[in-house]
Amino acid sequence: MQPYYQVVEDEVGNTHGVLILNSNAMEYEYALKEDRSPYLTLRSIGGIFDFHILMGPSSIELNQQYTSLVGRPFIPPYWSLGFQLCRWGYQNLDEVKDVVTRTRAAGIPQDIQYVDIDYMDERKDFTLDVVNFGGLPDYVREVKAEGIHFTVILDPELVFDFSENYPAAMRGDQADAFIKWPDQSLVPEDQEPWAKDYMVGWLWPANKTVWPDFFKQSARD
């Protein structure tokens, strides 16, 4: 959320906006005075305040000024605005196929089908459960040929296994692509030696995980 507000000043529709950039924790309150006139209160626990006052005067010009400051909105592909089916809990590929078939039989135009982390081997990114979802690559090609887009969900965590058994994590370790404690003194005393100075935690897999540090070029690569 951006701490930004717009005000319509009069009956003519003159408008201005204010963006208050601050990296600290903030809260805001919108309320009415006794005379029913509104007021807005913004509070922060500290930091540097950057006030950007945008003069409009029309609402269209104001939006243009605001997006020139924070960035223009991403224009999504047309198909992404269509009907999408996504859920966690598909037991196998046959269940996914049944859902797509039933949707088509009901006359519902479907643009996108998802599979969640169920398709992974032990919920590990960049793997495939060959027992329950072994035919997934061929099925993706099949539905794409019929005009349906397909999305496979990826979570950012990777299981802490830097061996050849899990090449994705091994390459990330070799590239120094994962989040680390900023100072060696901050590494938890009970952290296992093999965990080095990585920030280690838990998410969906059964084992501990690490996360890519997307501020690093190596992680983005």
# chains A, B, ... in the order shown; residues from 1 in each chain; ligands from 1
$ residues_around --residues "stretch 192-204 of chain A" --least-positions-apart "5" --cutoff "6 Å" --atoms "only C-alpha atoms" --output "MDAnalysis selection string"
chainID A and resid 179:181 209:210
$ closest_atom_pairs --of "stretch 116-179 of chain A" --to "stretch 59-80 of chain A" --cutoff "12 Å" --atoms "only C-alpha atoms" --output "CSV"
residue,atom,partner,partner_atom,distance
A:Gly147,CA,A:Trp79,CA,9.8
A:Ile148,CA,A:Trp79,CA,9.1
A:His149,CA,A:Trp79,CA,8.2
A:Phe150,CA,A:Ser80,CA,10.7
A:Thr151,CA,A:Ser80,CA,10.8
$ select_by_dssp --residues "stretch 21-107 of chain A" --states "helix (DSSP H, G or I)" --output "ChimeraX atom specification"
/A:59-70,78-81,93-105
$ atom_distance --atom1 "atom CA of A:Ile108" --atom2 "atom CA of A:Leu85"
11.2 Å
$ closest_residue --among "A:Ala219, A:Ala106, A:Ile20, A:Leu154" --to "A:Leu128" --atoms "only C-alpha atoms"
A:Leu154
$ closest_atom_pairs --of "stretch 34-129 of chain A" --to "stretch 157-167 of chain A" --cutoff "9 Å" --atoms "only C-alpha atoms" --output "JSON lines"
{"residue": "A:Arg123", "atom": "CA", "partner": "A:Val159", "partner_atom": "CA", "distance": 9.0}
{"residue": "A:Lys124", "atom": "CA", "partner": "A:Val159", "partner_atom": "CA", "distance": 6.5}
{"residue": "A:Asp125", "atom": "CA", "partner": "A:Leu158", "partner_atom": "CA", "distance": 6.3}
{"residue": "A:Thr127", "atom": "CA", "partner": "A:Tyr166", "partner_atom": "CA", "distance": 8.7}
$ write_last_selection --atoms "C-alpha atoms" --output "PDB file, in the first residue's frame"
ATOM      1  CA  ARG A 123       6.757 -29.903  -2.244  1.00  0.00           C
ATOM      2  CA  LYS A 124      10.177 -28.979  -3.588  1.00  0.00           C
ATOM      3  CA  ASP A 125      10.402 -26.273  -6.261  1.00  0.00           C
ATOM      4  CA  THR A 127      10.565 -30.971  -9.193  1.00  0.00           C
TER       5      THR A 127
END
$ closest_residue --among "A:Gly17, A:Pro188, A:Gly82, A:Pro38" --to "A:Leu54" --atoms "only C-alpha atoms"
A:Gly17
$ closest_residue --among "A:Val18, A:Val130, A:Val187, A:Ile53" --to "A:Leu40" --atoms "only C-alpha atoms"
A:Val18
$ select_by_dssp --residues "stretch 39-161 of chain A" --states "strand (DSSP E)" --output "list in words"
Tyr39, Leu40, Thr41, Leu42, Arg43, Ser44, Asp50, Phe51, His52, Ile53, Leu54, Gln84, Leu85, Ile112, Gln113, Tyr114, Val115, His149, Phe150, Thr151, Val152, Leu158 and Val159 of chain A
$ closest_residue --among "A:Tyr39, A:Phe51, A:Tyr119, A:Phe178" --to "A:Phe133" --atoms "only C-alpha atoms"
A:Tyr119
$ residues_around --residues "A:Val115" --least-positions-apart "2" --cutoff "9 Å" --atoms "only C-alpha atoms" --output "PDB file with C-alpha atoms, in the first residue's frame"
ATOM      1  CA  LEU A  85      -9.277 -22.141 -11.991  1.00  0.00           C
ATOM      2  CA  CYS A  86      -6.829 -22.435  -9.116  1.00  0.00           C
ATOM      3  CA  ARG A  87      -6.888 -24.507  -5.937  1.00  0.00           C
ATOM      4  CA  TRP A  88      -4.663 -26.419  -3.566  1.00  0.00           C
ATOM      5  CA  GLY A  89      -5.393 -30.086  -3.042  1.00  0.00           C
ATOM      6  CA  TYR A  90      -5.455 -31.820  -6.434  1.00  0.00           C
ATOM      7  CA  VAL A  96      -7.045 -31.821 -12.868  1.00  0.00           C
ATOM      8  CA  GLN A 113      -5.770 -23.740 -15.343  1.00  0.00           C
ATOM      9  CA  ILE A 117       2.399 -27.389  -4.975  1.00  0.00           C
ATOM     10  CA  ASP A 118       0.644 -30.782  -5.177  1.00  0.00           C
ATOM     11  CA  TYR A 119       2.452 -31.478  -8.456  1.00  0.00           C
ATOM     12  CA  PHE A 150      -1.433 -23.212 -17.791  1.00  0.00           C
ATOM     13  CA  THR A 151       0.241 -21.938 -14.630  1.00  0.00           C
ATOM     14  CA  VAL A 152       2.348 -24.011 -12.238  1.00  0.00           C
ATOM     15  CA  ILE A 153       2.835 -22.413  -8.844  1.00  0.00           C
TER      16      ILE A 153
END
